[in-house]
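Down below is the structure, laid out as structure tokens.
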Amino acid sequence: IDTVLSLKGRGYTAPIRAISRHGHLPQRFSPPSPMPPVLSVEEKWKLSSAIERLRPSDGDWHSRMASLRAITPSLWRNSDHKDRSRFLRHLRSYWDVHRHQMAPEISDKISRWIEEGSLRITAGRIQSVEARNHGAKVTFRNRKTGLTEPLSVDHVINCIGIEGNYAKMKHPLIASLRNQRLIRPDPLGLGIEVTRDGRVGTRERGSHQEPFRL
């Protein structure tokens with residue numbers, strides 16, 4: 001969304017083709033209605049059971065999502081590796097677009113560009129990118145049809161964001177900390193392991209040089 005807004009703000013008028021694994025857009029923000037907490041930290045809910053409990057019967061998912069803000073860290077801590085892995089595999093894409101919503105004015109712009117045809121969003125996975133004299137040839141697999149499609153474009157912009165898997169990071173500082181066992185990558189690829197008091201999850205405890213995360 002930020003990239004599209006930036007291009008449009010600079011006067012870019014050519015069609016924009018966006019490809020993501022699920023093709024989901026952030027939902028439009030709507031002020032949540034006051035409601036009593038649906039879940040409490042004391043009940044030690046896990047992710048899977050909490051999400052089922054939060055299923056709205058009245059369609060007001062905005063208020064349900066807002067009620068999770070204060071207890072999301074506890075839900076994650078109370079869930080085991082299997083539960084977390086299942087959440088990331090099946091629900092993360094839906095969580096992201098409902099938790100991180102678009103401002104109404106931004107949502108209106110995106111909707112208008114889609115209707116006009118200047119922005120097209122497709123669910124799929126990039127197979128290859130081949131540089132050409134005046135652009136690139138992108139080959140992707142369409143999630144809906146299952147077919148592999150070629151796409152000729154003038155520019156390719158990677159909007160994936162920063163790498164969050166510290167086991168794969170090649171930055172010299174991260175690699176050095178990892179090799180010295182001063183940090184331990186999260187097993188699910190979500191940053192590094194830390195304790196509740198902010199201590200970095202190293203394998204060797206007791207050192208006076210034991211680091212803390214900021």
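Scheme for the structure tokens: letters A, B, ... for chains in order shown; per-chain residue numbers from 1; ligand numbers from 1 in order shown.
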
Shell of 12 Å around range 184-187 of chain A, only C-alpha atoms, local chain residues under 5 positions omitted, as a PyMOL selection string: chain A and resi 80-82+84-85+164-169+174-179+192-195+199-204+211

Write a file of the just-selected residues containing C-alpha atoms, as a CSV table (one decimal), in the first residue's frame.
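Saved file result-v3.csv follows:
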chain,number,residue,atom,x,y,z
A,80,ASP,CA,3.1,-23.9,22.3
A,81,HIS,CA,5.2,-24.3,19.2
A,82,LYS,CA,2.6,-26.3,17.4
A,84,ARG,CA,2.1,-20.9,17.0
A,85,SER,CA,3.2,-22.7,13.8
A,164,GLY,CA,12.8,-11.3,10.1
A,165,ASN,CA,14.5,-14.7,10.1
A,166,TYR,CA,17.7,-14.1,12.0
A,167,ALA,CA,18.9,-17.6,11.0
A,168,LYS,CA,19.1,-16.5,7.4
A,169,MET,CA,20.4,-12.9,7.9
A,174,ILE,CA,23.9,-10.4,13.1
A,175,ALA,CA,26.1,-13.2,11.7
A,176,SER,CA,28.8,-12.4,14.4
A,177,LEU,CA,26.3,-12.4,17.3
A,178,ARG,CA,24.8,-15.7,16.0
A,179,ASN,CA,28.2,-17.4,15.6
A,192,ILE,CA,15.3,-13.7,18.2
A,193,GLU,CA,14.4,-15.5,21.4
A,194,VAL,CA,14.1,-13.4,24.5
A,195,THR,CA,12.9,-14.0,28.1
A,199,ARG,CA,17.1,-11.2,28.2
A,200,VAL,CA,18.3,-12.5,24.9
A,201,GLY,CA,17.7,-16.2,24.5
A,202,THR,CA,21.3,-17.6,24.4
A,203,ARG,CA,22.2,-21.1,25.1
A,204,GLU,CA,24.8,-20.3,27.7
A,211,PRO,CA,22.9,-9.2,26.4

Backbone-only DSSP, strand (DSSP E or B) members of range 120-165 of chain A, as a list of chain:residue names: A:Arg120, A:Ile121, A:Thr122, A:Ala123, A:Gly124, A:Arg125, A:Ile126, A:Gln127, A:Ser128, A:Val129, A:Glu130, A:Ala131, A:Arg132, A:Gly135, A:Ala136, A:Lys137, A:Val138, A:Thr139, A:Phe140, A:Arg141, A:Asn142, A:Thr148, A:Glu149, A:Pro150, A:Leu151, A:Ser152, A:Val153, A:Asn165

Atom pair CA of Pro73 in chain A / CA of Asp96 in chain A: separation (Å):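 Computing it gives 15.2 Å between the two atoms.
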
Residue neighbourhood Gly146 in chain A, 12 Å, only C-alpha atoms, exclusion window fewer than 5 positions, as an mmCIF file with N, CA, C and O atoms, in the first residue's frame:
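File around-v2.cif, as written:
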data_model
loop_
_atom_site.group_PDB
_atom_site.id
_atom_site.type_symbol
_atom_site.label_atom_id
_atom_site.label_comp_id
_atom_site.auth_asym_id
_atom_site.auth_seq_id
_atom_site.Cartn_x
_atom_site.Cartn_y
_atom_site.Cartn_z
ATOM 1 N N ALA A 123 -3.410 -12.716 -6.477
ATOM 2 C CA ALA A 123 -2.835 -13.685 -5.549
ATOM 3 C C ALA A 123 -1.984 -14.662 -6.341
ATOM 4 O O ALA A 123 -2.457 -15.292 -7.292
ATOM 5 N N GLY A 124 -0.736 -14.775 -5.964
ATOM 6 C CA GLY A 124 0.152 -15.672 -6.704
ATOM 7 C C GLY A 124 1.539 -15.693 -6.099
ATOM 8 O O GLY A 124 1.813 -15.030 -5.098
ATOM 9 N N ARG A 125 2.402 -16.442 -6.721
ATOM 10 C CA ARG A 125 3.777 -16.567 -6.231
ATOM 11 C C ARG A 125 4.742 -16.365 -7.403
ATOM 12 O O ARG A 125 4.592 -16.996 -8.453
ATOM 13 N N PHE A 140 4.890 -15.799 -12.896
ATOM 14 C CA PHE A 140 4.301 -16.099 -11.598
ATOM 15 C C PHE A 140 3.218 -17.158 -11.739
ATOM 16 O O PHE A 140 2.652 -17.361 -12.815
ATOM 17 N N ARG A 141 2.954 -17.821 -10.631
ATOM 18 C CA ARG A 141 1.909 -18.840 -10.588
ATOM 19 C C ARG A 141 0.661 -18.233 -9.963
ATOM 20 O O ARG A 141 0.683 -17.803 -8.807
#

Mind checking which residues fall within 8 Å of Arg28 in chain A, counting only C-alpha atoms, ignoring those fewer than 4 positions away in the same chain, and posting them as a PDB file with C-alpha atoms, in the first residue's frame?
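The resulting file, selection-v7.pdb, is reproduced below:
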ATOM      1  CA  GLN A 101      -6.109  -1.586   8.909  1.00  0.00           C
ATOM      2  CA  MET A 102      -6.174   1.223   6.351  1.00  0.00           C
ATOM      3  CA  ALA A 103      -7.358   4.710   7.140  1.00  0.00           C
ATOM      4  CA  PRO A 104     -10.687   5.390   5.396  1.00  0.00           C
ATOM      5  CA  SER A 107      -8.978   2.735   1.552  1.00  0.00           C
TER       6      SER A 107
END

Can you list, as a PDB file with N, CA, C and O atoms, in the first residue's frame, every protein, DNA or RNA residue that comes within 10 Å of Thr139 in chain A when you count only C-alpha atoms, leaving out same-chain residues fewer than 3 positions away?
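Below is the file part-v4.pdb, written as the result:
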ATOM      1  N   ARG A 125       2.402 -16.442  -6.721  1.00  0.00           N
ATOM      2  CA  ARG A 125       3.777 -16.567  -6.231  1.00  0.00           C
ATOM      3  C   ARG A 125       4.742 -16.365  -7.403  1.00  0.00           C
ATOM      4  O   ARG A 125       4.592 -16.996  -8.453  1.00  0.00           O
ATOM      5  N   ILE A 126       5.718 -15.476  -7.210  1.00  0.00           N
ATOM      6  CA  ILE A 126       6.705 -15.201  -8.251  1.00  0.00           C
ATOM      7  C   ILE A 126       7.580 -16.434  -8.465  1.00  0.00           C
ATOM      8  O   ILE A 126       8.123 -16.999  -7.511  1.00  0.00           O
ATOM      9  N   GLN A 127       7.704 -16.847  -9.718  1.00  0.00           N
ATOM     10  CA  GLN A 127       8.555 -17.985 -10.064  1.00  0.00           C
ATOM     11  C   GLN A 127       9.935 -17.538 -10.533  1.00  0.00           C
ATOM     12  O   GLN A 127      10.948 -18.150 -10.199  1.00  0.00           O
ATOM     13  N   SER A 128       9.965 -16.475 -11.326  1.00  0.00           N
ATOM     14  CA  SER A 128      11.250 -15.990 -11.840  1.00  0.00           C
ATOM     15  C   SER A 128      11.111 -14.553 -12.316  1.00  0.00           C
ATOM     16  O   SER A 128      10.009 -14.087 -12.627  1.00  0.00           O
ATOM     17  N   VAL A 129      12.237 -13.857 -12.350  1.00  0.00           N
ATOM     18  CA  VAL A 129      12.314 -12.495 -12.884  1.00  0.00           C
ATOM     19  C   VAL A 129      13.513 -12.440 -13.817  1.00  0.00           C
ATOM     20  O   VAL A 129      14.640 -12.736 -13.405  1.00  0.00           O
ATOM     21  N   GLU A 130      13.275 -12.092 -15.059  1.00  0.00           N
ATOM     22  CA  GLU A 130      14.326 -12.053 -16.078  1.00  0.00           C
ATOM     23  C   GLU A 130      14.448 -10.634 -16.615  1.00  0.00           C
ATOM     24  O   GLU A 130      13.478 -10.070 -17.125  1.00  0.00           O
ATOM     25  N   ALA A 136      11.509  -5.987 -17.541  1.00  0.00           N
ATOM     26  CA  ALA A 136      11.735  -7.343 -17.063  1.00  0.00           C
ATOM     27  C   ALA A 136      10.558  -8.236 -17.435  1.00  0.00           C
ATOM     28  O   ALA A 136       9.435  -7.770 -17.651  1.00  0.00           O
ATOM     29  N   ASN A 142      -0.409 -18.190 -10.719  1.00  0.00           N
ATOM     30  CA  ASN A 142      -1.667 -17.607 -10.264  1.00  0.00           C
ATOM     31  C   ASN A 142      -2.310 -18.528  -9.231  1.00  0.00           C
ATOM     32  O   ASN A 142      -2.568 -19.709  -9.509  1.00  0.00           O
ATOM     33  N   THR A 148       0.690 -20.937 -14.638  1.00  0.00           N
ATOM     34  CA  THR A 148       1.875 -20.088 -14.659  1.00  0.00           C
ATOM     35  C   THR A 148       1.704 -19.048 -15.755  1.00  0.00           C
ATOM     36  O   THR A 148       1.408 -19.394 -16.904  1.00  0.00           O
ATOM     37  N   GLU A 149       1.868 -17.775 -15.409  1.00  0.00           N
ATOM     38  CA  GLU A 149       1.619 -16.689 -16.354  1.00  0.00           C
ATOM     39  C   GLU A 149       2.849 -15.801 -16.490  1.00  0.00           C
ATOM     40  O   GLU A 149       3.530 -15.511 -15.510  1.00  0.00           O
ATOM     41  N   PRO A 150       3.136 -15.344 -17.720  1.00  0.00           N
ATOM     42  CA  PRO A 150       4.222 -14.375 -17.935  1.00  0.00           C
ATOM     43  C   PRO A 150       3.675 -12.953 -17.841  1.00  0.00           C
ATOM     44  O   PRO A 150       2.502 -12.703 -18.122  1.00  0.00           O
ATOM     45  N   LEU A 151       4.534 -12.041 -17.453  1.00  0.00           N
ATOM     46  CA  LEU A 151       4.123 -10.655 -17.295  1.00  0.00           C
ATOM     47  C   LEU A 151       5.294  -9.755 -17.686  1.00  0.00           C
ATOM     48  O   LEU A 151       6.383  -9.859 -17.120  1.00  0.00           O
ATOM     49  N   SER A 152       5.079  -8.888 -18.667  1.00  0.00           N
ATOM     50  CA  SER A 152       6.120  -7.936 -19.077  1.00  0.00           C
ATOM     51  C   SER A 152       5.910  -6.618 -18.348  1.00  0.00           C
ATOM     52  O   SER A 152       4.817  -6.038 -18.400  1.00  0.00           O
TER      53      SER A 152
END

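Atom to atom, CA of Ser67 in chain A and CA of Trp95 in chain A stand 13.9 Å apart.
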
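CA of Trp61 in chain A lies 22.4 Å from CA of Ser79 in chain A.
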
Alpha helix (DSSP H) call set, DSSP backbone run, chain A, as a ChimeraX atom specification: /A:2-9,47-53,61-67,72-78,81-90,92-99,104-116,172-179

Shell around His24 in chain A at 8 Å using only C-alpha atoms, local window under 2 positions removed, as JSON, numbers by chain: {"A": [20, 22, 26, 93, 94, 97, 123]}

Near-Arg120 in chain A list (10 Å; only C-alpha atoms; drop same-chain fewer than 3 positions) as JSON, numbers by chain: {"A": [15, 16, 17, 18, 19, 23, 113, 114, 115, 116, 117]}

Those residues you just picked out, can you put them in a file as a PDB file, in the first residue's frame with all heavy atoms?
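The new file part25.pdb reads:
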ATOM      1  N   PRO A  15      -0.216   1.542 -15.435  1.00  0.00           N
ATOM      2  CA  PRO A  15      -0.866   0.509 -14.610  1.00  0.00           C
ATOM      3  C   PRO A  15       0.122  -0.137 -13.648  1.00  0.00           C
ATOM      4  O   PRO A  15       1.291  -0.335 -13.974  1.00  0.00           O
ATOM      5  CB  PRO A  15      -1.372  -0.498 -15.655  1.00  0.00           C
ATOM      6  CG  PRO A  15      -1.477   0.279 -16.921  1.00  0.00           C
ATOM      7  CD  PRO A  15      -0.365   1.281 -16.878  1.00  0.00           C
ATOM      8  N   ILE A  16      -0.368  -0.447 -12.471  1.00  0.00           N
ATOM      9  CA  ILE A  16       0.442  -1.104 -11.439  1.00  0.00           C
ATOM     10  C   ILE A  16      -0.127  -2.497 -11.200  1.00  0.00           C
ATOM     11  O   ILE A  16      -1.324  -2.656 -10.965  1.00  0.00           O
ATOM     12  CB  ILE A  16       0.433  -0.300 -10.129  1.00  0.00           C
ATOM     13  CG1 ILE A  16       1.020   1.088 -10.358  1.00  0.00           C
ATOM     14  CG2 ILE A  16       1.192  -1.043  -9.037  1.00  0.00           C
ATOM     15  CD1 ILE A  16       0.915   2.002  -9.141  1.00  0.00           C
ATOM     16  N   ARG A  17       0.728  -3.502 -11.247  1.00  0.00           N
ATOM     17  CA  ARG A  17       0.317  -4.879 -11.007  1.00  0.00           C
ATOM     18  C   ARG A  17       0.979  -5.346  -9.711  1.00  0.00           C
ATOM     19  O   ARG A  17       2.204  -5.403  -9.615  1.00  0.00           O
ATOM     20  CB  ARG A  17       0.741  -5.776 -12.171  1.00  0.00           C
ATOM     21  CG  ARG A  17       0.247  -7.213 -12.083  1.00  0.00           C
ATOM     22  CD  ARG A  17      -1.246  -7.317 -12.340  1.00  0.00           C
ATOM     23  NE  ARG A  17      -1.695  -8.688 -12.361  1.00  0.00           N
ATOM     24  CZ  ARG A  17      -1.745  -9.456 -13.452  1.00  0.00           C
ATOM     25  NH1 ARG A  17      -1.333  -8.959 -14.625  1.00  0.00           N
ATOM     26  NH2 ARG A  17      -2.203 -10.683 -13.388  1.00  0.00           N
ATOM     27  N   ALA A  18       0.185  -5.660  -8.721  1.00  0.00           N
ATOM     28  CA  ALA A  18       0.710  -6.117  -7.433  1.00  0.00           C
ATOM     29  C   ALA A  18       0.422  -7.606  -7.278  1.00  0.00           C
ATOM     30  O   ALA A  18      -0.714  -8.053  -7.468  1.00  0.00           O
ATOM     31  CB  ALA A  18       0.059  -5.335  -6.290  1.00  0.00           C
ATOM     32  N   ILE A  19       1.453  -8.364  -6.929  1.00  0.00           N
ATOM     33  CA  ILE A  19       1.310  -9.806  -6.743  1.00  0.00           C
ATOM     34  C   ILE A  19       1.745 -10.167  -5.338  1.00  0.00           C
ATOM     35  O   ILE A  19       2.852  -9.845  -4.905  1.00  0.00           O
ATOM     36  CB  ILE A  19       2.161 -10.584  -7.772  1.00  0.00           C
ATOM     37  CG1 ILE A  19       1.707 -10.252  -9.196  1.00  0.00           C
ATOM     38  CG2 ILE A  19       2.066 -12.087  -7.535  1.00  0.00           C
ATOM     39  CD1 ILE A  19       2.567 -10.871 -10.282  1.00  0.00           C
ATOM     40  N   GLY A  23      -3.088 -12.170  -1.956  1.00  0.00           N
ATOM     41  CA  GLY A  23      -3.837 -11.112  -2.612  1.00  0.00           C
ATOM     42  C   GLY A  23      -4.764 -10.344  -1.690  1.00  0.00           C
ATOM     43  O   GLY A  23      -5.721  -9.725  -2.148  1.00  0.00           O
ATOM     44  N   TRP A 113      -8.643   3.251  -7.418  1.00  0.00           N
ATOM     45  CA  TRP A 113      -7.646   2.844  -8.405  1.00  0.00           C
ATOM     46  C   TRP A 113      -7.919   1.434  -8.929  1.00  0.00           C
ATOM     47  O   TRP A 113      -7.691   1.146 -10.101  1.00  0.00           O
ATOM     48  CB  TRP A 113      -6.251   2.935  -7.785  1.00  0.00           C
ATOM     49  CG  TRP A 113      -5.835   4.346  -7.495  1.00  0.00           C
ATOM     50  CD1 TRP A 113      -6.222   5.467  -8.181  1.00  0.00           C
ATOM     51  CD2 TRP A 113      -4.978   4.800  -6.443  1.00  0.00           C
ATOM     52  NE1 TRP A 113      -5.651   6.594  -7.625  1.00  0.00           N
ATOM     53  CE2 TRP A 113      -4.886   6.226  -6.559  1.00  0.00           C
ATOM     54  CE3 TRP A 113      -4.284   4.168  -5.424  1.00  0.00           C
ATOM     55  CZ2 TRP A 113      -4.124   6.990  -5.689  1.00  0.00           C
ATOM     56  CZ3 TRP A 113      -3.520   4.933  -4.548  1.00  0.00           C
ATOM     57  CH2 TRP A 113      -3.444   6.329  -4.681  1.00  0.00           C
ATOM     58  N   ILE A 114      -8.409   0.557  -8.058  1.00  0.00           N
ATOM     59  CA  ILE A 114      -8.757  -0.797  -8.508  1.00  0.00           C
ATOM     60  C   ILE A 114      -9.925  -0.739  -9.488  1.00  0.00           C
ATOM     61  O   ILE A 114      -9.924  -1.410 -10.522  1.00  0.00           O
ATOM     62  CB  ILE A 114      -9.098  -1.690  -7.295  1.00  0.00           C
ATOM     63  CG1 ILE A 114      -7.827  -1.944  -6.455  1.00  0.00           C
ATOM     64  CG2 ILE A 114      -9.697  -3.014  -7.747  1.00  0.00           C
ATOM     65  CD1 ILE A 114      -8.084  -2.725  -5.190  1.00  0.00           C
ATOM     66  N   GLU A 115     -10.922   0.057  -9.157  1.00  0.00           N
ATOM     67  CA  GLU A 115     -12.084   0.191 -10.033  1.00  0.00           C
ATOM     68  C   GLU A 115     -11.711   0.808 -11.375  1.00  0.00           C
ATOM     69  O   GLU A 115     -12.246   0.425 -12.433  1.00  0.00           O
ATOM     70  CB  GLU A 115     -13.154   1.042  -9.352  1.00  0.00           C
ATOM     71  CG  GLU A 115     -13.799   0.378  -8.137  1.00  0.00           C
ATOM     72  CD  GLU A 115     -14.757   1.311  -7.421  1.00  0.00           C
ATOM     73  OE1 GLU A 115     -14.922   2.461  -7.894  1.00  0.00           O
ATOM     74  OE2 GLU A 115     -15.336   0.898  -6.396  1.00  0.00           O
ATOM     75  N   GLU A 116     -10.775   1.751 -11.359  1.00  0.00           N
ATOM     76  CA  GLU A 116     -10.343   2.394 -12.592  1.00  0.00           C
ATOM     77  C   GLU A 116      -9.454   1.485 -13.437  1.00  0.00           C
ATOM     78  O   GLU A 116      -9.284   1.718 -14.634  1.00  0.00           O
ATOM     79  CB  GLU A 116      -9.579   3.679 -12.277  1.00  0.00           C
ATOM     80  CG  GLU A 116     -10.417   4.768 -11.617  1.00  0.00           C
ATOM     81  CD  GLU A 116      -9.575   5.935 -11.158  1.00  0.00           C
ATOM     82  OE1 GLU A 116      -8.333   5.823 -11.169  1.00  0.00           O
ATOM     83  OE2 GLU A 116     -10.160   6.974 -10.789  1.00  0.00           O
ATOM     84  N   GLY A 117      -8.877   0.477 -12.805  1.00  0.00           N
ATOM     85  CA  GLY A 117      -7.995  -0.430 -13.517  1.00  0.00           C
ATOM     86  C   GLY A 117      -6.537  -0.046 -13.472  1.00  0.00           C
ATOM     87  O   GLY A 117      -5.695  -0.722 -14.063  1.00  0.00           O
TER      88      GLY A 117
END
